[in-house]
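Student: I am sharing my_file_19.pdb, which consists of PDB, C-alpha atoms:
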```
ATOM      1  CA  VAL A   1       0.000   0.000   0.000
ATOM      2  CA  SER A   2       1.354   3.431  -0.853
ATOM      3  CA  GLN A   3      -0.144   6.855  -0.288
ATOM      4  CA  SER A   4       0.425  10.429  -1.488
ATOM      5  CA  ARG A   5      -1.222  13.483   0.112
ATOM      6  CA  TYR A   6      -4.442  13.051  -1.857
ATOM      7  CA  HIS A   7      -4.399   9.559  -3.309
ATOM      8  CA  MET A   8      -3.927   6.010  -2.114
ATOM      9  CA  TYR A   9      -2.660   3.235  -4.348
ATOM     10  CA  PHE A  10      -2.929  -0.452  -3.488
ATOM     11  CA  SER A  11      -2.948  -3.806  -5.215
ATOM     12  CA  VAL A  12      -4.873  -6.948  -4.367
ATOM     13  CA  TYR A  13      -3.061 -10.250  -4.719
ATOM     14  CA  SER A  14      -4.829 -13.419  -5.870
ATOM     15  CA  ALA A  15      -2.836 -16.532  -5.031
ATOM     16  CA  PRO A  16      -3.042 -19.753  -7.033
ATOM     17  CA  ALA A  17      -5.346 -22.251  -5.320
ATOM     18  CA  SER A  18      -3.679 -24.583  -2.799
ATOM     19  CA  THR A  19      -0.233 -22.996  -3.148
ATOM     20  CA  GLU A  20      -0.079 -20.042  -0.752
ATOM     21  CA  LYS A  21      -0.574 -20.563   2.963
ATOM     22  CA  TYR A  22      -0.549 -18.418   6.093
ATOM     23  CA  SER A  23      -0.355 -20.227   9.460
ATOM     24  CA  GLY A  24      -1.276 -23.406   7.653
ATOM     25  CA  VAL A  25      -4.378 -21.906   5.996
ATOM     26  CA  VAL A  26      -4.590 -21.792   2.202
ATOM     27  CA  ILE A  27      -4.930 -18.247   0.890
ATOM     28  CA  SER A  28      -7.030 -18.002  -2.246
ATOM     29  CA  SER A  29      -7.354 -14.195  -2.331
ATOM     30  CA  ILE A  30      -6.810 -11.043  -0.310
ATOM     31  CA  ASP A  31      -9.120  -8.049  -0.367
ATOM     32  CA  ALA A  32      -8.843  -4.572   1.116
ATOM     33  CA  SER A  33     -10.347  -5.616   4.448
ATOM     34  CA  ASP A  34      -7.499  -8.137   4.920
ATOM     35  CA  VAL A  35      -4.694  -5.582   4.441
ATOM     36  CA  GLU A  36      -3.554  -3.331   7.262
ATOM     37  CA  TRP A  37      -2.865   0.372   6.652
ATOM     38  CA  ALA A  38      -0.382   2.151   8.921
ATOM     39  CA  SER A  39       0.057   5.900   9.188
ATOM     40  CA  THR A  40       3.486   7.319   9.998
ATOM     41  CA  GLY A  41       2.005   9.930  12.351
ATOM     42  CA  THR A  42       2.884   9.823  16.033
ATOM     43  CA  GLY A  43       0.118   8.161  18.025
ATOM     44  CA  SER A  44      -1.742   6.922  14.937
ATOM     45  CA  GLN A  45      -3.510   3.553  14.945
ATOM     46  CA  ASN A  46      -3.420   0.870  12.269
ATOM     47  CA  ARG A  47      -6.640  -0.014  10.467
ATOM     48  CA  SER A  48      -7.671  -1.901   7.365
ATOM     49  CA  VAL A  49      -7.179  -0.551   3.863
ATOM     50  CA  GLN A  50     -10.947  -0.868   3.344
ATOM     51  CA  SER A  51     -11.552   1.404   6.328
ATOM     52  CA  LYS A  52      -9.098   3.920   4.889
ATOM     53  CA  LEU A  53     -10.762   3.799   1.493
ATOM     54  CA  ASP A  54     -14.057   4.646   3.152
ATOM     55  CA  ASP A  55     -12.598   8.097   3.965
ATOM     56  CA  VAL A  56     -13.994  10.098   1.076
ATOM     57  CA  ILE A  57     -11.745  12.768  -0.448
ATOM     58  CA  VAL A  58     -12.966  14.772  -3.433
ATOM     59  CA  ASN A  59     -10.107  16.474  -5.273
ATOM     60  CA  VAL A  60     -11.261  19.408  -7.431
ATOM     61  CA  PHE A  61      -8.539  18.525  -9.961
ATOM     62  CA  ASP A  62     -10.495  15.351 -10.738
ATOM     63  CA  PHE A  63     -13.070  17.570 -12.448
ATOM     64  CA  MET A  64     -10.584  19.510 -14.589
ATOM     65  CA  SER A  65      -8.612  18.931 -17.760
ATOM     66  CA  GLU A  66      -4.827  18.631 -17.711
ATOM     67  CA  SER A  67      -4.507  22.033 -19.398
ATOM     68  CA  GLN A  68      -6.728  23.690 -16.773
ATOM     69  CA  ILE A  69      -4.739  22.092 -13.948
ATOM     70  CA  ALA A  70      -1.508  23.336 -15.540
ATOM     71  CA  ALA A  71      -2.956  26.862 -15.771
ATOM     72  CA  ILE A  72      -3.974  26.807 -12.092
ATOM     73  CA  ARG A  73      -0.508  25.685 -11.089
ATOM     74  CA  ALA A  74       1.029  28.409 -13.265
ATOM     75  CA  GLY A  75      -1.366  31.090 -11.987
ATOM     76  CA  THR A  76      -2.780  31.786 -15.460
ATOM     77  CA  SER A  77      -6.272  30.269 -15.180
ATOM     78  CA  THR A  78      -9.224  32.519 -16.056
ATOM     79  CA  ASN A  79     -12.367  30.887 -14.599
ATOM     80  CA  ASP A  80     -12.562  27.644 -12.641
ATOM     81  CA  THR A  81     -16.015  28.109 -11.114
ATOM     82  CA  ALA A  82     -17.937  25.483 -13.091
ATOM     83  CA  GLN A  83     -15.447  22.695 -12.427
ATOM     84  CA  ILE A  84     -15.162  23.465  -8.704
ATOM     85  CA  GLN A  85     -18.948  23.630  -8.435
ATOM     86  CA  ALA A  86     -19.177  20.234 -10.129
ATOM     87  CA  ALA A  87     -16.813  18.777  -7.509
ATOM     88  CA  VAL A  88     -18.848  20.320  -4.679
ATOM     89  CA  ASP A  89     -22.139  19.080  -6.144
ATOM     90  CA  TYR A  90     -20.705  15.576  -6.459
ATOM     91  CA  ALA A  91     -19.469  15.647  -2.851
ATOM     92  CA  GLY A  92     -23.003  16.545  -1.792
ATOM     93  CA  THR A  93     -24.365  13.302  -3.242
ATOM     94  CA  LEU A  94     -22.130  11.001  -1.197
ATOM     95  CA  ASP A  95     -24.060  10.976   2.107
ATOM     96  CA  THR A  96     -20.938  10.474   4.203
ATOM     97  CA  ASN A  97     -18.115  12.438   5.793
ATOM     98  CA  VAL A  98     -16.248  14.139   2.971
ATOM     99  CA  MET A  99     -13.215  16.359   2.456
ATOM    100  CA  ILE A 100     -13.046  18.627  -0.594
ATOM    101  CA  VAL A 101      -9.394  19.282  -1.406
ATOM    102  CA  PHE A 102      -7.963  22.213  -3.365
ATOM    103  CA  PRO A 103      -4.394  21.311  -4.395
ATOM    104  CA  PRO A 104      -1.806  24.140  -4.536
ATOM    105  CA  GLY A 105      -2.417  26.742  -7.230
ATOM    106  CA  THR A 106      -4.306  29.931  -8.068
ATOM    107  CA  TYR A 107      -7.989  29.496  -8.904
ATOM    108  CA  GLU A 108     -10.314  32.105 -10.428
ATOM    109  CA  VAL A 109     -13.913  31.897  -9.185
ATOM    110  CA  THR A 110     -17.155  33.846  -9.002
ATOM    111  CA  GLN A 111     -19.250  31.980  -6.417
ATOM    112  CA  ILE A 112     -19.111  28.405  -5.090
ATOM    113  CA  THR A 113     -22.431  27.352  -3.539
ATOM    114  CA  PHE A 114     -22.939  24.707  -0.875
ATOM    115  CA  SER A 115     -26.679  24.068  -0.889
ATOM    116  CA  ASN A 116     -28.746  22.417   1.809
ATOM    117  CA  ALA A 117     -30.272  20.380  -0.994
ATOM    118  CA  SER A 118     -26.895  18.580  -0.917
ATOM    119  CA  PHE A 119     -25.327  19.439   2.437
ATOM    120  CA  GLY A 120     -28.213  19.306   4.889
ATOM    121  CA  SER A 121     -28.050  18.797   8.637
ATOM    122  CA  ASP A 122     -27.604  15.043   8.201
ATOM    123  CA  GLY A 123     -24.926  14.506  10.812
ATOM    124  CA  TYR A 124     -22.063  14.152   8.335
ATOM    125  CA  THR A 125     -18.944  16.322   8.389
ATOM    126  CA  LEU A 126     -17.865  18.498   5.466
ATOM    127  CA  CYS A 127     -14.248  19.661   5.417
ATOM    128  CA  ILE A 128     -12.823  22.065   2.823
ATOM    129  CA  ASP A 129      -9.025  22.080   2.689
ATOM    130  CA  GLY A 130      -6.679  24.370   0.775
ATOM    131  CA  SER A 131      -3.312  22.647   1.155
ATOM    132  CA  ASN A 132      -1.811  24.809   3.928
ATOM    133  CA  ARG A 133      -2.897  28.043   2.187
ATOM    134  CA  ALA A 134      -1.068  27.013  -0.988
ATOM    135  CA  ALA A 135      -4.466  27.070  -2.723
ATOM    136  CA  ARG A 136      -5.566  30.641  -3.456
ATOM    137  CA  LEU A 137      -9.036  31.433  -4.757
ATOM    138  CA  ASN A 138      -9.257  34.821  -6.455
ATOM    139  CA  PHE A 139     -12.831  36.113  -6.285
ATOM    140  CA  ASN A 140     -14.158  37.725  -9.485
ATOM    141  CA  GLY A 141     -17.837  37.884  -8.574
ATOM    142  CA  THR A 142     -20.222  40.756  -7.886
ATOM    143  CA  ASN A 143     -21.217  42.679  -4.774
ATOM    144  CA  ILE A 144     -24.088  40.296  -4.068
ATOM    145  CA  GLN A 145     -21.991  37.149  -4.435
ATOM    146  CA  SER A 146     -19.643  35.278  -2.094
ATOM    147  CA  CYS A 147     -16.558  33.180  -2.743
ATOM    148  CA  PHE A 148     -18.019  30.404  -0.544
ATOM    149  CA  PHE A 149     -21.815  30.635  -0.140
ATOM    150  CA  PHE A 150     -23.533  28.224   2.232
ATOM    151  CA  ASP A 151     -27.077  28.524   0.887
ATOM    152  CA  TYR A 152     -29.565  26.980   3.286
ATOM    153  CA  SER A 153     -32.533  28.975   2.026
ATOM    154  CA  VAL A 154     -34.567  25.912   0.979
ATOM    155  CA  GLY A 155     -36.739  25.403   4.026
ATOM    156  CA  TYR A 156     -35.109  25.790   7.432
ATOM    157  CA  GLY A 157     -31.444  24.963   7.247
ATOM    158  CA  ILE A 158     -28.918  24.284   9.975
ATOM    159  CA  LEU A 159     -25.264  24.463   9.069
ATOM    160  CA  GLY A 160     -23.264  22.177  11.324
ATOM    161  CA  LYS A 161     -20.105  20.089  11.257
ATOM    162  CA  VAL A 162     -18.527  22.217   8.540
ATOM    163  CA  ARG A 163     -14.842  23.045   8.602
ATOM    164  CA  VAL A 164     -13.021  25.420   6.241
ATOM    165  CA  GLN A 165      -9.270  25.161   6.706
ATOM    166  CA  ASN A 166      -5.877  26.052   5.252
ATOM    167  CA  ILE A 167      -7.188  28.097   2.322
ATOM    168  CA  HIS A 168      -6.603  31.593   0.922
ATOM    169  CA  LEU A 169      -9.662  33.514  -0.305
ATOM    170  CA  GLN A 170      -8.715  36.777  -1.997
ATOM    171  CA  GLY A 171     -11.287  39.467  -2.716
ATOM    172  CA  ALA A 172     -11.173  42.129  -5.421
ATOM    173  CA  ALA A 173     -11.268  45.771  -4.333
ATOM    174  CA  GLY A 174     -13.723  45.232  -1.497
ATOM    175  CA  ILE A 175     -16.408  43.473  -3.539
ATOM    176  CA  GLY A 176     -18.632  40.618  -2.286
ATOM    177  CA  ASN A 177     -18.075  38.298   0.669
ATOM    178  CA  GLY A 178     -15.405  35.749   1.478
ATOM    179  CA  ILE A 179     -17.604  33.254   3.336
ATOM    180  CA  LEU A 180     -21.351  33.827   3.725
ATOM    181  CA  SER A 181     -23.787  31.541   5.502
ATOM    182  CA  ASN A 182     -27.480  32.354   5.522
ATOM    183  CA  ALA A 183     -28.146  29.366   7.776
ATOM    184  CA  LEU A 184     -28.291  28.867  11.492
ATOM    185  CA  SER A 185     -24.614  27.973  11.864
ATOM    186  CA  TRP A 186     -23.886  25.513  14.646
ATOM    187  CA  GLY A 187     -20.199  25.002  15.310
ATOM    188  CA  LEU A 188     -18.866  26.186  11.942
ATOM    189  CA  THR A 189     -15.049  26.189  12.148
ATOM    190  CA  ILE A 190     -12.773  28.378  10.036
ATOM    191  CA  GLU A 191      -9.120  27.660  10.784
ATOM    192  CA  ASN A 192      -5.741  28.737   9.416
ATOM    193  CA  CYS A 193      -7.322  30.673   6.549
ATOM    194  CA  GLN A 194      -6.340  33.924   4.889
ATOM    195  CA  ILE A 195      -9.470  35.839   3.827
ATOM    196  CA  SER A 196      -9.019  39.430   2.716
ATOM    197  CA  ASN A 197     -10.238  42.387   0.628
ATOM    198  CA  PHE A 198     -13.969  41.589   0.647
ATOM    199  CA  ILE A 199     -16.806  43.816   1.893
ATOM    200  CA  LYS A 200     -17.227  41.184   4.600
ATOM    201  CA  ASN A 201     -14.555  38.546   4.912
ATOM    202  CA  VAL A 202     -16.795  36.255   6.991
ATOM    203  CA  TRP A 203     -20.536  36.845   7.373
ATOM    204  CA  LEU A 204     -22.513  34.397   9.510
ATOM    205  CA  ARG A 205     -26.095  35.638   9.642
ATOM    206  CA  SER A 206     -27.027  33.438  12.596
ATOM    207  CA  ALA A 207     -24.284  31.623  14.450
ATOM    208  CA  ILE A 208     -24.018  29.480  17.575
ATOM    209  CA  PHE A 209     -20.531  28.615  18.820
ATOM    210  CA  PRO A 210     -18.632  29.461  15.618
ATOM    211  CA  ARG A 211     -14.877  29.076  15.803
ATOM    212  CA  ILE A 212     -12.431  31.226  13.854
ATOM    213  CA  ILE A 213      -8.885  30.124  14.650
ATOM    214  CA  ASN A 214      -5.560  31.496  13.437
ATOM    215  CA  CYS A 215      -6.991  33.515  10.569
TER     216      CYS A 215
END
```
Could you render the structure as structure tokens?
Tutor:
Amino acid sequence: VSQSRYHMYFSVYSAPASTEKYSGVVISSIDASDVEWASTGTGSQNRSVQSKLDDVIVNVFDFMSESQIAAIRAGTSTNDTAQIQAAVDYAGTLDTNVMIVFPPGTYEVTQITFSNASFGSDGYTLCIDGSNRAARLNFNGTNIQSCFFFDYSVGYGILGKVRVQNIHLQGAAGIGNGILSNALSWGLTIENCQISNFIKNVWLRSAIFPRIINC
């Protein structure tokens, strides 16, 4: 089993019948639940590869062409909104804990919407990660838009278990909002983010126990 920051690679071995044995037991096949995954982090615990694969990571690059990825890395991209929104919409269909990852680079966006039609108060955790601030989102929207918009206007929405971390949101001449939630926000965490040059960098219209840490 090998792992990069955003991807895990593993192979499953199928042994010839009656030839491979472990403790005297013939091994006919091995699946992900039989293989142990070990992190190198201090204090980490081993678990099965299948358990690790159940951690859902959505990489926004998976929704982009190679040329668009190259432009983001070079800082020459012009508009990445549609592809990022597609990644977010897909993440909202998974009905599990999910991390949306922005690899290092400079993205150009108008507004990315997290709707309660996809991210309702279902008990799952949504994490948005920007690669230790190496991912920068340049906002090119209007005064009534937001770089990240948590839109819970369909019915009565509660925004909970959402974490925005390690990302750089850059406004344009004091236009729009960095992060806007029109929901009742319960425990929204914003940590290690750089958010600047918006009318309102963070606007939580109704918040209970929000946490803004090291921003």
Student: Measure the distance from CA of Ala207 in chain A to CA of Leu169 in chain A in Å and round it to one decimal.
Tutor: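 According to the coordinates, CA of Ala207 in chain A and CA of Leu169 in chain A are separated by 20.9 Å.
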Student: Report, in Å with one decimal, the straight-line distance from CA of Leu137 in chain A to CA of Asp55 in chain A.
Tutor: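 Answer for the CA of Leu137 in chain A to CA of Asp55 in chain A separation: 25.2 Å.
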Student: Selected by the PyMOL selection byres ((chain A and resi 144) around 8) in the shown coordinates: which residues, as a PyMOL selection string?
Tutor: chain A and resi 142-143+145-146+176-177
Student: Go through A:Ile195, A:Lys161, A:Gly171, A:Thr125 and flag the residue nearest Pro210 in chain A, using only C-alpha atoms for the distances.
Tutor: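 Of all the options, A:Lys161 lies closest to Pro210 in chain A.
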Student: What does the distance between CA of Val58 in chain A and CA of Leu126 in chain A come to in Å, to one decimal place?
Tutor: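 For CA of Val58 in chain A relative to CA of Leu126 in chain A, the distance reads 10.8 Å.
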Student: Can you list what the PyMOL selection byres ((chain A and resi 106-108) around 12) grabs from this structure, as an NGL selection string?
Tutor: :A and (60-61 or 64 or 68-84 or 102-105 or 109-112 or 130-131 or 133-141 or 147 or 167-172)
Student: Go ahead and save the picked residues with C-alpha atoms, as a PDB file, in the coordinates of the input.
Tutor:
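The resulting file, result29.pdb, is shown below:
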```pdb
ATOM      1  CA  VAL A  60     -11.261  19.408  -7.431  1.00  0.00           C
ATOM      2  CA  PHE A  61      -8.539  18.525  -9.961  1.00  0.00           C
ATOM      3  CA  MET A  64     -10.584  19.510 -14.589  1.00  0.00           C
ATOM      4  CA  GLN A  68      -6.728  23.690 -16.773  1.00  0.00           C
ATOM      5  CA  ILE A  69      -4.739  22.092 -13.948  1.00  0.00           C
ATOM      6  CA  ALA A  70      -1.508  23.336 -15.540  1.00  0.00           C
ATOM      7  CA  ALA A  71      -2.956  26.862 -15.771  1.00  0.00           C
ATOM      8  CA  ILE A  72      -3.974  26.807 -12.092  1.00  0.00           C
ATOM      9  CA  ARG A  73      -0.508  25.685 -11.089  1.00  0.00           C
ATOM     10  CA  ALA A  74       1.029  28.409 -13.265  1.00  0.00           C
ATOM     11  CA  GLY A  75      -1.366  31.090 -11.987  1.00  0.00           C
ATOM     12  CA  THR A  76      -2.780  31.786 -15.460  1.00  0.00           C
ATOM     13  CA  SER A  77      -6.272  30.269 -15.180  1.00  0.00           C
ATOM     14  CA  THR A  78      -9.224  32.519 -16.056  1.00  0.00           C
ATOM     15  CA  ASN A  79     -12.367  30.887 -14.599  1.00  0.00           C
ATOM     16  CA  ASP A  80     -12.562  27.644 -12.641  1.00  0.00           C
ATOM     17  CA  THR A  81     -16.015  28.109 -11.114  1.00  0.00           C
ATOM     18  CA  ALA A  82     -17.937  25.483 -13.091  1.00  0.00           C
ATOM     19  CA  GLN A  83     -15.447  22.695 -12.427  1.00  0.00           C
ATOM     20  CA  ILE A  84     -15.162  23.465  -8.704  1.00  0.00           C
ATOM     21  CA  PHE A 102      -7.963  22.213  -3.365  1.00  0.00           C
ATOM     22  CA  PRO A 103      -4.394  21.311  -4.395  1.00  0.00           C
ATOM     23  CA  PRO A 104      -1.806  24.140  -4.536  1.00  0.00           C
ATOM     24  CA  GLY A 105      -2.417  26.742  -7.230  1.00  0.00           C
ATOM     25  CA  VAL A 109     -13.913  31.897  -9.185  1.00  0.00           C
ATOM     26  CA  THR A 110     -17.155  33.846  -9.002  1.00  0.00           C
ATOM     27  CA  GLN A 111     -19.250  31.980  -6.417  1.00  0.00           C
ATOM     28  CA  ILE A 112     -19.111  28.405  -5.090  1.00  0.00           C
ATOM     29  CA  GLY A 130      -6.679  24.370   0.775  1.00  0.00           C
ATOM     30  CA  SER A 131      -3.312  22.647   1.155  1.00  0.00           C
ATOM     31  CA  ARG A 133      -2.897  28.043   2.187  1.00  0.00           C
ATOM     32  CA  ALA A 134      -1.068  27.013  -0.988  1.00  0.00           C
ATOM     33  CA  ALA A 135      -4.466  27.070  -2.723  1.00  0.00           C
ATOM     34  CA  ARG A 136      -5.566  30.641  -3.456  1.00  0.00           C
ATOM     35  CA  LEU A 137      -9.036  31.433  -4.757  1.00  0.00           C
ATOM     36  CA  ASN A 138      -9.257  34.821  -6.455  1.00  0.00           C
ATOM     37  CA  PHE A 139     -12.831  36.113  -6.285  1.00  0.00           C
ATOM     38  CA  ASN A 140     -14.158  37.725  -9.485  1.00  0.00           C
ATOM     39  CA  GLY A 141     -17.837  37.884  -8.574  1.00  0.00           C
ATOM     40  CA  CYS A 147     -16.558  33.180  -2.743  1.00  0.00           C
ATOM     41  CA  ILE A 167      -7.188  28.097   2.322  1.00  0.00           C
ATOM     42  CA  HIS A 168      -6.603  31.593   0.922  1.00  0.00           C
ATOM     43  CA  LEU A 169      -9.662  33.514  -0.305  1.00  0.00           C
ATOM     44  CA  GLN A 170      -8.715  36.777  -1.997  1.00  0.00           C
ATOM     45  CA  GLY A 171     -11.287  39.467  -2.716  1.00  0.00           C
ATOM     46  CA  ALA A 172     -11.173  42.129  -5.421  1.00  0.00           C
TER      47      ALA A 172
END
```
Student: Name the closest residue to Ala32 in chain A among the candidates A:Ile179, A:Val49, A:Val164, A:Ile57; distances are taken between atoms, counting only C-alpha atoms.
Tutor: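 Using only C-alpha atoms, the shortest distance to Ala32 in chain A belongs to A:Val49.
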Student: Determine the nearest neighbour of Leu188 in chain A from the options A:Arg211, A:Lys52, A:Arg205, A:Arg47, counting only C-alpha atoms.
Tutor: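 Under the stated criterion, the closest residue is A:Arg211.
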Student: Find the spatial neighbours of Val35 in chain A, counting only C-alpha atoms, within a cut-off of 8 Å - ignore same-chain residues fewer than 2 positions away - and output them as a list in words.
Tutor: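 Selected residues are Ile30, Asp31, Ala32, Ser33, Trp37, Ser48, Val49 and Gln50 of chain A.
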